[in-house]
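Structure file run29.pdb (PDB, C-alpha atoms) is printed below.
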ATOM      1  CA  MET A   1     -79.132 -43.819  15.403
ATOM      2  CA  GLN A   2     -75.506 -44.319  16.374
ATOM      3  CA  LEU A   3     -73.882 -41.401  18.156
ATOM      4  CA  ILE A   4     -71.047 -39.819  16.216
ATOM      5  CA  ASP A   5     -68.221 -38.173  18.126
ATOM      6  CA  PHE A   6     -67.976 -35.059  15.984
ATOM      7  CA  ASP A   7     -65.587 -33.358  18.411
ATOM      8  CA  SER A   8     -63.077 -36.173  17.975
ATOM      9  CA  ILE A   9     -63.445 -36.053  14.182
ATOM     10  CA  PHE A  10     -62.882 -32.308  14.186
ATOM     11  CA  ALA A  11     -59.846 -32.651  16.487
ATOM     12  CA  THR A  12     -58.268 -35.025  13.948
ATOM     13  CA  TYR A  13     -59.058 -32.587  11.139
ATOM     14  CA  LEU A  14     -57.636 -29.654  13.085
ATOM     15  CA  ASN A  15     -54.426 -31.561  13.822
ATOM     16  CA  GLY A  16     -53.998 -32.305  10.121
ATOM     17  CA  TRP A  17     -54.691 -28.666   9.257
ATOM     18  CA  TYR A  18     -51.983 -27.479  11.675
ATOM     19  CA  LYS A  19     -49.463 -29.892  10.213
ATOM     20  CA  ARG A  20     -50.242 -28.811   6.647
ATOM     21  CA  ARG A  21     -50.032 -25.121   7.463
ATOM     22  CA  LYS A  22     -46.766 -25.513   9.374
ATOM     23  CA  ALA A  23     -45.291 -27.507   6.482
ATOM     24  CA  SER A  24     -46.221 -24.650   4.162
ATOM     25  CA  GLY A  25     -44.189 -22.253   6.306
ATOM     26  CA  ALA A  26     -46.966 -20.532   8.298
ATOM     27  CA  ASP A  27     -45.731 -18.946  11.523
ATOM     28  CA  TYR A  28     -47.443 -19.060  14.913
ATOM     29  CA  ALA A  29     -49.163 -15.705  14.467
ATOM     30  CA  ALA A  30     -50.667 -16.790  11.145
ATOM     31  CA  LEU A  31     -51.850 -20.087  12.610
ATOM     32  CA  GLU A  32     -53.533 -18.334  15.513
ATOM     33  CA  GLU A  33     -55.257 -15.879  13.198
ATOM     34  CA  GLU A  34     -56.536 -18.570  10.832
ATOM     35  CA  ALA A  35     -57.491 -21.210  13.413
ATOM     36  CA  GLY A  36     -60.807 -19.543  14.230
ATOM     37  CA  GLY A  37     -62.180 -20.319  10.779
ATOM     38  CA  VAL A  38     -61.180 -23.977  10.658
ATOM     39  CA  TYR A  39     -64.358 -25.266  12.317
ATOM     40  CA  ALA A  40     -66.599 -23.549   9.766
ATOM     41  CA  GLU A  41     -64.422 -25.001   7.007
ATOM     42  CA  TRP A  42     -64.572 -28.509   8.485
ATOM     43  CA  ALA A  43     -68.348 -28.302   9.008
ATOM     44  CA  ASP A  44     -68.856 -28.424   5.214
ATOM     45  CA  VAL A  45     -66.404 -31.273   4.500
ATOM     46  CA  PRO A  46     -68.077 -34.603   3.552
ATOM     47  CA  LEU A  47     -67.470 -37.264   6.224
ATOM     48  CA  LYS A  48     -67.407 -41.028   5.868
ATOM     49  CA  GLU A  49     -68.962 -41.348   9.331
ATOM     50  CA  THR A  50     -72.146 -39.658   8.060
ATOM     51  CA  GLY A  51     -72.358 -41.492   4.752
ATOM     52  CA  GLY A  52     -70.791 -38.650   2.800
ATOM     53  CA  LEU A  53     -72.738 -35.809   4.363
ATOM     54  CA  SER A  54     -70.955 -32.854   5.929
ATOM     55  CA  ALA A  55     -71.477 -32.388   9.658
ATOM     56  CA  ARG A  56     -73.548 -29.279   8.955
ATOM     57  CA  ARG A  57     -75.770 -31.053   6.449
ATOM     58  CA  TYR A  58     -76.098 -34.054   8.781
ATOM     59  CA  PHE A  59     -77.868 -31.902  11.356
ATOM     60  CA  GLU A  60     -79.673 -29.629   8.891
ATOM     61  CA  GLN A  61     -81.557 -32.617   7.452
ATOM     62  CA  MET A  62     -83.087 -33.253  10.893
ATOM     63  CA  THR A  63     -86.404 -31.449  11.111
ATOM     64  CA  ASP A  64     -88.140 -33.186  14.020
ATOM     65  CA  PRO A  65     -87.658 -31.041  17.182
ATOM     66  CA  LYS A  66     -88.281 -34.008  19.458
ATOM     67  CA  GLU A  67     -85.655 -36.068  17.626
ATOM     68  CA  LEU A  68     -83.093 -33.273  17.882
ATOM     69  CA  VAL A  69     -83.597 -32.743  21.611
ATOM     70  CA  ALA A  70     -83.583 -36.516  22.189
ATOM     71  CA  LEU A  71     -80.219 -36.613  20.433
ATOM     72  CA  LEU A  72     -78.952 -33.883  22.735
ATOM     73  CA  ILE A  73     -79.995 -35.986  25.733
ATOM     74  CA  ARG A  74     -78.246 -39.055  24.320
ATOM     75  CA  TYR A  75     -74.960 -37.181  23.845
ATOM     76  CA  THR A  76     -75.016 -35.982  27.428
ATOM     77  CA  ALA A  77     -75.971 -39.413  28.772
ATOM     78  CA  ALA A  78     -73.049 -40.930  26.854
ATOM     79  CA  ASP A  79     -70.673 -38.376  28.420
ATOM     80  CA  LEU A  80     -69.998 -36.839  25.011
ATOM     81  CA  SER A  81     -70.005 -33.100  24.485
ATOM     82  CA  PRO A  82     -73.047 -32.185  22.337
ATOM     83  CA  PRO A  83     -71.752 -30.941  18.960
ATOM     84  CA  ASP A  84     -71.936 -27.207  18.376
ATOM     85  CA  LEU A  85     -73.752 -27.848  15.108
ATOM     86  CA  LEU A  86     -76.441 -29.774  16.964
ATOM     87  CA  ALA A  87     -76.889 -26.846  19.334
ATOM     88  CA  GLU A  88     -77.087 -24.456  16.369
ATOM     89  CA  ARG A  89     -79.737 -26.615  14.698
ATOM     90  CA  ILE A  90     -81.813 -26.804  17.877
ATOM     91  CA  ALA A  91     -81.529 -23.042  18.380
ATOM     92  CA  ALA A  92     -82.696 -22.487  14.789
ATOM     93  CA  LEU A  93     -85.971 -24.356  15.371
ATOM     94  CA  PRO A  94     -88.294 -22.522  17.808
ATOM     95  CA  ALA A  95     -90.379 -25.691  18.144
ATOM     96  CA  CYS A  96     -87.490 -27.241  20.109
ATOM     97  CA  GLY A  97     -88.120 -24.733  22.891
ATOM     98  CA  ARG A  98     -90.845 -26.640  24.715
ATOM     99  CA  TYR A  99     -88.719 -29.792  24.840
ATOM    100  CA  LEU A 100     -85.718 -27.857  26.106
ATOM    101  CA  PHE A 101     -87.902 -26.189  28.720
ATOM    102  CA  GLU A 102     -89.094 -29.570  29.942
ATOM    103  CA  ILE A 103     -85.464 -30.697  30.300
ATOM    104  CA  ALA A 104     -84.680 -27.601  32.346
ATOM    105  CA  ARG A 105     -87.860 -27.951  34.416
ATOM    106  CA  MET A 106     -87.146 -31.573  35.313
ATOM    107  CA  GLY A 107     -83.516 -30.766  36.114
ATOM    108  CA  GLU A 108     -82.416 -34.394  36.297
ATOM    109  CA  SER A 109     -78.931 -33.489  35.057
ATOM    110  CA  ALA A 110     -77.343 -30.139  35.901
ATOM    111  CA  GLU A 111     -75.132 -30.344  32.816
ATOM    112  CA  LEU A 112     -78.076 -30.978  30.515
ATOM    113  CA  ALA A 113     -80.258 -28.416  32.290
ATOM    114  CA  LEU A 114     -77.550 -25.771  31.847
ATOM    115  CA  PHE A 115     -77.231 -26.630  28.166
ATOM    116  CA  ALA A 116     -80.991 -26.274  27.760
ATOM    117  CA  VAL A 117     -81.096 -23.001  29.701
ATOM    118  CA  ASN A 118     -78.300 -21.548  27.580
ATOM    119  CA  LEU A 119     -80.220 -22.281  24.390
ATOM    120  CA  LEU A 120     -83.509 -21.036  25.841
ATOM    121  CA  SER A 121     -81.967 -17.799  27.102
ATOM    122  CA  GLU A 122     -80.518 -17.065  23.665
ATOM    123  CA  SER A 123     -83.989 -17.288  22.148
ATOM    124  CA  GLY A 124     -85.711 -15.373  24.979
ATOM    125  CA  TYR A 125     -88.027 -18.276  25.755
ATOM    126  CA  ALA A 126     -91.127 -17.223  27.707
ATOM    127  CA  GLY A 127     -91.294 -18.647  31.207
ATOM    128  CA  LEU A 128     -87.570 -19.169  31.598
ATOM    129  CA  THR A 129     -87.180 -16.349  34.136
ATOM    130  CA  GLU A 130     -89.835 -17.896  36.391
ATOM    131  CA  LEU A 131     -88.146 -21.283  36.178
ATOM    132  CA  LEU A 132     -84.754 -19.841  37.114
ATOM    133  CA  ILE A 133     -86.287 -18.053  40.098
ATOM    134  CA  ASP A 134     -87.780 -21.371  41.173
ATOM    135  CA  TRP A 135     -84.264 -22.812  41.059
ATOM    136  CA  LEU A 136     -83.021 -19.881  43.085
ATOM    137  CA  THR A 137     -85.633 -20.065  45.817
ATOM    138  CA  GLY A 138     -86.408 -23.791  45.798
ATOM    139  CA  ASP A 139     -84.653 -26.971  46.822
ATOM    140  CA  ARG A 140     -82.858 -27.855  43.580
ATOM    141  CA  GLY A 141     -79.496 -27.279  45.205
ATOM    142  CA  GLU A 142     -76.469 -25.005  44.994
ATOM    143  CA  GLU A 143     -75.433 -25.988  41.472
ATOM    144  CA  TYR A 144     -78.810 -24.996  40.026
ATOM    145  CA  ALA A 145     -78.908 -21.804  42.105
ATOM    146  CA  GLU A 146     -75.528 -20.768  40.686
ATOM    147  CA  ILE A 147     -76.823 -21.298  37.142
ATOM    148  CA  ALA A 148     -79.896 -19.222  37.962
ATOM    149  CA  VAL A 149     -77.858 -16.342  39.410
ATOM    150  CA  GLU A 150     -75.589 -16.243  36.361
ATOM    151  CA  LYS A 151     -78.503 -16.123  33.926
ATOM    152  CA  LEU A 152     -80.705 -13.744  35.907
ATOM    153  CA  ILE A 153     -77.900 -11.212  36.384
ATOM    154  CA  ALA A 154     -77.793 -10.864  32.599
ATOM    155  CA  ASP A 155     -81.475  -9.850  32.629
ATOM    156  CA  ALA A 156     -81.829  -8.317  36.089
ATOM    157  CA  GLY A 157     -84.342  -5.712  34.934
ATOM    158  CA  GLN A 158     -86.871  -8.290  33.810
ATOM    159  CA  ALA A 159     -86.258 -10.553  36.801
ATOM    160  CA  ALA A 160     -86.466  -7.796  39.438
ATOM    161  CA  PRO A 161     -90.284  -7.582  39.839
ATOM    162  CA  LEU A 162     -90.550 -11.354  40.258
ATOM    163  CA  LEU A 163     -87.619 -11.489  42.679
ATOM    164  CA  LEU A 164     -89.055  -8.647  44.743
ATOM    165  CA  ALA A 165     -92.383 -10.470  44.875
ATOM    166  CA  ARG A 166     -90.590 -13.535  46.245
ATOM    167  CA  LEU A 167     -88.907 -11.349  48.834
ATOM    168  CA  ASP A 168     -92.234  -9.851  49.862
ATOM    169  CA  ALA A 169     -93.663 -13.359  50.277
ATOM    170  CA  GLY A 170     -90.923 -14.180  52.806
ATOM    171  CA  ASN A 171     -89.817 -17.634  54.025
ATOM    172  CA  LEU A 172     -86.444 -17.418  52.279
ATOM    173  CA  SER A 173     -83.157 -18.613  53.719
ATOM    174  CA  GLU A 174     -80.163 -16.275  54.012
ATOM    175  CA  THR A 175     -78.535 -18.117  51.108
ATOM    176  CA  MET A 176     -81.589 -17.488  48.946
ATOM    177  CA  GLU A 177     -81.653 -13.825  49.938
ATOM    178  CA  LYS A 178     -77.935 -13.545  49.237
ATOM    179  CA  ASN A 179     -78.415 -14.945  45.726
ATOM    180  CA  ILE A 180     -81.345 -12.600  45.110
ATOM    181  CA  ALA A 181     -79.257  -9.653  46.324
ATOM    182  CA  ASP A 182     -76.470 -10.675  43.935
ATOM    183  CA  ILE A 183     -78.922 -10.146  41.080
ATOM    184  CA  LEU A 184     -80.857  -7.119  42.315
ATOM    185  CA  VAL A 185     -77.763  -4.928  42.691
ATOM    186  CA  TYR A 186     -77.862  -4.731  38.869
ATOM    187  CA  ALA A 187     -81.563  -3.775  38.725
ATOM    188  CA  ASP A 188     -83.157  -0.333  38.821
ATOM    189  CA  LYS A 189     -83.366   1.297  42.252
ATOM    190  CA  ASP A 190     -86.120   0.105  44.564
ATOM    191  CA  GLU A 191     -86.424   0.806  48.270
ATOM    192  CA  ARG A 192     -86.968  -2.897  48.942
ATOM    193  CA  ILE A 193     -83.589  -3.675  47.384
ATOM    194  CA  PHE A 194     -81.831  -1.132  49.571
ATOM    195  CA  LYS A 195     -83.538  -2.477  52.697
ATOM    196  CA  LEU A 196     -82.553  -6.043  51.781
ATOM    197  CA  LEU A 197     -78.914  -5.087  51.242
ATOM    198  CA  MET A 198     -78.754  -3.120  54.488
ATOM    199  CA  ARG A 199     -80.395  -5.929  56.450
ATOM    200  CA  LEU A 200     -77.960  -8.510  55.103
ATOM    201  CA  PHE A 201     -74.994  -6.218  55.722
ATOM    202  CA  GLN A 202     -76.008  -5.350  59.280
ATOM    203  CA  ALA A 203     -76.607  -9.001  60.219
ATOM    204  CA  ASP A 204     -72.823  -9.169  60.800
ATOM    205  CA  SER A 205     -72.381 -12.612  59.261
ATOM    206  CA  ASP A 206     -69.421 -14.300  57.595
ATOM    207  CA  ASP A 207     -70.561 -12.653  54.343
ATOM    208  CA  THR A 208     -70.534  -9.060  55.613
ATOM    209  CA  ALA A 209     -67.653  -8.127  53.301
ATOM    210  CA  LEU A 210     -69.630  -9.483  50.352
ATOM    211  CA  TYR A 211     -72.688  -7.487  51.363
ATOM    212  CA  ALA A 212     -70.504  -4.392  51.649
ATOM    213  CA  SER A 213     -69.474  -4.905  48.032
ATOM    214  CA  TYR A 214     -73.156  -5.262  47.073
ATOM    215  CA  LEU A 215     -73.914  -1.906  48.683
ATOM    216  CA  GLY A 216     -71.063  -0.365  46.732
ATOM    217  CA  LYS A 217     -72.425  -1.793  43.470
ATOM    218  CA  TYR A 218     -75.966  -0.675  44.255
ATOM    219  CA  GLY A 219     -74.806   2.916  44.633
ATOM    220  CA  ASP A 220     -77.026   4.399  47.335
ATOM    221  CA  GLU A 221     -75.126   6.937  49.443
ATOM    222  CA  ARG A 222     -77.388   6.291  52.432
ATOM    223  CA  ALA A 223     -75.266   3.213  53.107
ATOM    224  CA  LEU A 224     -72.134   5.303  53.783
ATOM    225  CA  PRO A 225     -72.522   5.746  57.586
ATOM    226  CA  ALA A 226     -73.061   2.015  58.179
ATOM    227  CA  LEU A 227     -70.206   1.065  55.866
ATOM    228  CA  ALA A 228     -67.835   3.577  57.473
ATOM    229  CA  ALA A 229     -68.694   2.380  60.987
ATOM    230  CA  TYR A 230     -68.033  -1.219  60.014
ATOM    231  CA  GLY A 231     -64.816  -0.375  58.172
ATOM    232  CA  LYS A 232     -63.364   1.337  61.257
ATOM    233  CA  ARG A 233     -63.933  -1.585  63.613
ATOM    234  CA  ALA A 234     -60.920  -2.959  65.464
ATOM    235  CA  ASP A 235     -61.956  -6.587  64.946
ATOM    236  CA  ILE A 236     -62.207  -6.332  61.160
ATOM    237  CA  ASN A 237     -59.814  -8.398  59.031
ATOM    238  CA  TYR A 238     -57.959  -6.997  56.042
ATOM    239  CA  MET A 239     -60.196  -8.537  53.398
ATOM    240  CA  GLN A 240     -63.277  -7.113  55.099
ATOM    241  CA  PHE A 241     -61.613  -3.723  55.358
ATOM    242  CA  VAL A 242     -60.614  -3.652  51.685
ATOM    243  CA  GLU A 243     -64.076  -4.653  50.450
ATOM    244  CA  THR A 244     -65.678  -2.047  52.699
ATOM    245  CA  ARG A 245     -63.211   0.659  51.709
ATOM    246  CA  ASN A 246     -63.877  -0.073  48.029
ATOM    247  CA  ALA A 247     -67.605   0.240  48.628
ATOM    248  CA  VAL A 248     -67.195   3.513  50.528
ATOM    249  CA  GLU A 249     -64.968   4.989  47.839
ATOM    250  CA  GLY A 250     -67.394   3.819  45.157
ATOM    251  CA  LEU A 251     -70.077   5.849  46.905
ATOM    252  CA  GLY A 252     -67.885   8.940  46.979
ATOM    253  CA  GLY A 253     -66.523   8.646  50.516
ATOM    254  CA  SER A 254     -63.184   7.729  52.061
ATOM    255  CA  LEU A 255     -62.245   5.222  54.727
ATOM    256  CA  ASP A 256     -59.229   4.600  56.909
ATOM    257  CA  ASN A 257     -58.622   2.245  59.807
ATOM    258  CA  PRO A 258     -55.687   2.785  62.191
ATOM    259  CA  LYS A 259     -55.432  -0.950  62.803
ATOM    260  CA  ASN A 260     -52.076  -2.543  61.963
ATOM    261  CA  PHE A 261     -52.872  -5.334  59.477
ATOM    262  CA  GLU A 262     -49.281  -6.563  59.035
ATOM    263  CA  HIS A 263     -49.984  -9.844  60.814
ATOM    264  CA  ASP A 264     -53.345 -10.396  59.160
ATOM    265  CA  PRO A 265     -53.215 -13.496  56.885
ATOM    266  CA  TYR A 266     -55.273 -11.764  54.181
ATOM    267  CA  TYR A 267     -52.920  -8.785  54.251
ATOM    268  CA  ARG A 268     -49.851 -11.012  53.904
ATOM    269  CA  ALA A 269     -51.421 -13.016  51.114
ATOM    270  CA  MET A 270     -52.274  -9.890  49.120
ATOM    271  CA  LYS A 271     -48.828  -8.433  49.636
ATOM    272  CA  GLU A 272     -47.239 -11.661  48.408
ATOM    273  CA  MET A 273     -49.366 -11.485  45.269
ATOM    274  CA  ASP A 274     -48.150  -7.946  44.617
ATOM    275  CA  GLU A 275     -44.466  -8.875  44.966
TER     276      GLU A 275
END

Step by step, read the file and then write its structure as structure tokens.
Amino acid sequence: MQLIDFDSIFATYLNGWYKRRKASGADYAALEEEAGGVYAEWADVPLKETGGLSARRYFEQMTDPKELVALLIRYTAADLSPPDLLAERIAALPACGRYLFEIARMGESAELALFAVNLLSESGYAGLTELLIDWLTGDRGEEYAEIAVEKLIADAGQAAPLLLARLDAGNLSETMEKNIADILVYADKDERIFKLLMRLFQADSDDTALYASYLGKYGDERALPALAAYGKRADINYMQFVETRNAVEGLGGSLDNPKNFEHDPYYRAMKEMDE
């Protein structure tokens, strides 16, 4: 089956639609308001490229899950954006799930794996959380870990028990623990989460300001003394101070530092942005 560049076909249609509407006297506001419905309109227009079928019907006639997912792989391999209607058709067939999961599990292409994960997460596919945690705590690489963090944050409550179990098992790098902390700050309170956040914060690393913000998000007032002590240090830079002050204030406290930050590069940069 020859790949059809549906995005290019739609772009041509959209350009013609704009020209017709402008010729009819439509103003910019009207065009902006109406533009959102053009894709749905185009999706039902018969196309010569599909032998007279509309783009929607072209994909609706495909019923083989393996064929649909194989087509998704071919679009990505050809450096073409998979059509939205293809994604909708795949999402509508639960039987596609196991093929999508295999794509995500193999992870040969980050772009394709992300596409598969997006579709699987929309359908609540069983086993996806475990796979994402494997990405987070394994050797897939930073790109896959970032995808995992983004998806797991959206379902931190479900992911929390599994993430805490990984923490209890140990043998995690600081980067892995940082990514886990990024997710767990959105989960229900657990003493292990608080201990993780405090340990990362008190390690006094380059990410201390980030860990201060995590403590602020987590919302446990027991962190206030440690945050206040750090925020008053003479060797703190302005960015670190601001993040720590925000965390302290978020926990109901207040923080000041007598240090003159006027020559601090972060201070100057933020002042320039305000001007």

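From atom CA of A:Val149 back to atom CA of A:Leu85, the distance works out to 27.2 Å.
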
Q.
Which residue is closest to A:Gly97? Choose from A:Leu120, A:Leu167, A:Ala35, A:Val45 and count all atoms listed in the file.
A. A:Leu120

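Applied to this file, the PyMOL selection byres ((chain A and resi 127) around 12) selects Gly97, Arg98, Leu100, Phe101, Glu102, Ala104, Arg105, Val117, Leu120, Ser121, Ser123, Gly124, Tyr125, Ala126, Leu128, Thr129, Glu130, Leu131, Leu132, Ile133, Asp134, Gln158, Ala159 and Leu162 of chain A.
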
Taking C-alpha atoms for each residue, export the selection above as a CSV table (one decimal), keeping the file's coordinate frame.
chain,number,residue,atom,x,y,z
A,97,GLY,CA,-88.1,-24.7,22.9
A,98,ARG,CA,-90.8,-26.6,24.7
A,100,LEU,CA,-85.7,-27.9,26.1
A,101,PHE,CA,-87.9,-26.2,28.7
A,102,GLU,CA,-89.1,-29.6,29.9
A,104,ALA,CA,-84.7,-27.6,32.3
A,105,ARG,CA,-87.9,-28.0,34.4
A,117,VAL,CA,-81.1,-23.0,29.7
A,120,LEU,CA,-83.5,-21.0,25.8
A,121,SER,CA,-82.0,-17.8,27.1
A,123,SER,CA,-84.0,-17.3,22.1
A,124,GLY,CA,-85.7,-15.4,25.0
A,125,TYR,CA,-88.0,-18.3,25.8
A,126,ALA,CA,-91.1,-17.2,27.7
A,128,LEU,CA,-87.6,-19.2,31.6
A,129,THR,CA,-87.2,-16.3,34.1
A,130,GLU,CA,-89.8,-17.9,36.4
A,131,LEU,CA,-88.1,-21.3,36.2
A,132,LEU,CA,-84.8,-19.8,37.1
A,133,ILE,CA,-86.3,-18.1,40.1
A,134,ASP,CA,-87.8,-21.4,41.2
A,158,GLN,CA,-86.9,-8.3,33.8
A,159,ALA,CA,-86.3,-10.6,36.8
A,162,LEU,CA,-90.6,-11.4,40.3

Q.
Using only C-alpha atoms, which protein or nucleic acid residues come within 10 Å of stretch 205-208 of chain A? Drop anything in the same chain fewer than 4 positions from it, and give the result as a list in words.
A. Lys178, Leu200, Phe201, Ala212, Ser213, Tyr214, Tyr230, Gln240, Glu243 and Thr244 of chain A

Convert the current residue selection to file output with C-alpha atoms, as a tab-separated table (two decimals), in the frame of the given file.
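Ended up saving to again23.tsv:
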chain	number	residue	atom	x	y	z
A	178	LYS	CA	-77.94	-13.54	49.24
A	200	LEU	CA	-77.96	-8.51	55.10
A	201	PHE	CA	-74.99	-6.22	55.72
A	212	ALA	CA	-70.50	-4.39	51.65
A	213	SER	CA	-69.47	-4.90	48.03
A	214	TYR	CA	-73.16	-5.26	47.07
A	230	TYR	CA	-68.03	-1.22	60.01
A	240	GLN	CA	-63.28	-7.11	55.10
A	243	GLU	CA	-64.08	-4.65	50.45
A	244	THR	CA	-65.68	-2.05	52.70

Q: Write out as a VMD selection string which residues come within 12 Å of stretch 262-268 of chain A when counting all atoms listed in the file, dropping same-chain ones fewer than 4 positions away.
A: chain A and resid 235 to 243 258 272 to 275

Q.
So that I can check the surroundings of A:Tyr75, please list as a ChimeraX atom specification every protein, DNA and RNA residue that reaches within 12 Å of it, counting all atoms listed in the file and ignoring chain neighbours fewer than 4 positions away.
A. /A:1-7,68-71,79-84,86-87,111-112,115

I need the chosen residues saved as a PDB file, in the frame of the given file, with C-alpha atoms.
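Output saved as again.pdb:
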ATOM      1  CA  MET A   1     -79.132 -43.819  15.403  1.00  0.00           C
ATOM      2  CA  GLN A   2     -75.506 -44.319  16.374  1.00  0.00           C
ATOM      3  CA  LEU A   3     -73.882 -41.401  18.156  1.00  0.00           C
ATOM      4  CA  ILE A   4     -71.047 -39.819  16.216  1.00  0.00           C
ATOM      5  CA  ASP A   5     -68.221 -38.173  18.126  1.00  0.00           C
ATOM      6  CA  PHE A   6     -67.976 -35.059  15.984  1.00  0.00           C
ATOM      7  CA  ASP A   7     -65.587 -33.358  18.411  1.00  0.00           C
ATOM      8  CA  LEU A  68     -83.093 -33.273  17.882  1.00  0.00           C
ATOM      9  CA  VAL A  69     -83.597 -32.743  21.611  1.00  0.00           C
ATOM     10  CA  ALA A  70     -83.583 -36.516  22.189  1.00  0.00           C
ATOM     11  CA  LEU A  71     -80.219 -36.613  20.433  1.00  0.00           C
ATOM     12  CA  ASP A  79     -70.673 -38.376  28.420  1.00  0.00           C
ATOM     13  CA  LEU A  80     -69.998 -36.839  25.011  1.00  0.00           C
ATOM     14  CA  SER A  81     -70.005 -33.100  24.485  1.00  0.00           C
ATOM     15  CA  PRO A  82     -73.047 -32.185  22.337  1.00  0.00           C
ATOM     16  CA  PRO A  83     -71.752 -30.941  18.960  1.00  0.00           C
ATOM     17  CA  ASP A  84     -71.936 -27.207  18.376  1.00  0.00           C
ATOM     18  CA  LEU A  86     -76.441 -29.774  16.964  1.00  0.00           C
ATOM     19  CA  ALA A  87     -76.889 -26.846  19.334  1.00  0.00           C
ATOM     20  CA  GLU A 111     -75.132 -30.344  32.816  1.00  0.00           C
ATOM     21  CA  LEU A 112     -78.076 -30.978  30.515  1.00  0.00           C
ATOM     22  CA  PHE A 115     -77.231 -26.630  28.166  1.00  0.00           C
TER      23      PHE A 115
END

Q. Using the chain letters and numbers from the file, which residues does the PyMOL selection byres ((chain A and resi 183) around 8) grab, as a ChimeraX atom specification?
A. /A:149,152-153,156,179-182,184-187

Who sits within 12 Å of A:Lys48, only C-alpha atoms, same chain under 5 positions skipped, as a JSON list (two decimals) with C-alpha atoms, keeping the file's coordinate frame:
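Output saved as selection_37.json:
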[["chain", "number", "residue", "atom", "x", "y", "z"],
["A", 4, "ILE", "CA", -71.05, -39.82, 16.22],
["A", 6, "PHE", "CA", -67.98, -35.06, 15.98],
["A", 9, "ILE", "CA", -63.44, -36.05, 14.18],
["A", 53, "LEU", "CA", -72.74, -35.81, 4.36],
["A", 54, "SER", "CA", -70.96, -32.85, 5.93],
["A", 55, "ALA", "CA", -71.48, -32.39, 9.66],
["A", 58, "TYR", "CA", -76.10, -34.05, 8.78]]

**Q.** Gap from atom CA of A:Pro225 to atom CA of A:Leu164 - Å, one decimal
**A.** 25.4 Å

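With only C-alpha atoms as the atoms that count, the residue of A:Arg199, A:Lys66, A:Lys189, A:Arg74 with the shortest distance to A:Ile90 is A:Lys66.
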
(Q) Restricting the calculation to all atoms listed in the file: of A:Asp256, A:Glu41, A:Glu49, A:Glu122, which residue gets closest to A:Gly231? (A) A:Asp256

**Q.** Residues matched by the PyMOL selection byres ((chain A and resi 252) around 10), written as a list of chain:residue names
**A.** A:Gly216, A:Gly219, A:Glu221, A:Leu224, A:Asn246, A:Ala247, A:Val248, A:Glu249, A:Gly250, A:Leu251, A:Gly253, A:Ser254

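The interatomic distance for the pair atom CA of A:Asp188 and atom CA of A:Leu114 works out to 27.0 Å.
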
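The shortest atom-to-atom distance to A:Thr175, with only C-alpha atoms taken into account, belongs to A:Gly138 out of A:Gly138, A:Pro65, A:Gly36, A:Gly16.
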
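Distance check against A:Pro161 using all atoms listed in the file: of A:Ala203, A:Leu47, A:Ile193, A:Ala226, the minimum falls on A:Ile193.
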
As JSON: centre and edge lengths in Å, one decimal, of the axis-aligned box holding stretch 82-90 of chain A with 8 Å per side:
{"center_x": -76.8, "center_y": -28.3, "center_z": 18.5, "size_x": 26.1, "size_y": 23.7, "size_z": 23.6}

(Q) as a PyMOL selection string, please: the residues near A:Glu88 (cut-off 10 Å, all atoms listed in the file, same-chain neighbours under 3 positions excluded). (A) chain A and resi 56+59-60+83-85+91-93+119

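Of the listed residues (A:Leu196, A:Lys22, A:Glu142, A:Met270), A:Leu196 comes nearest to A:Gly170; the distances count only C-alpha atoms.
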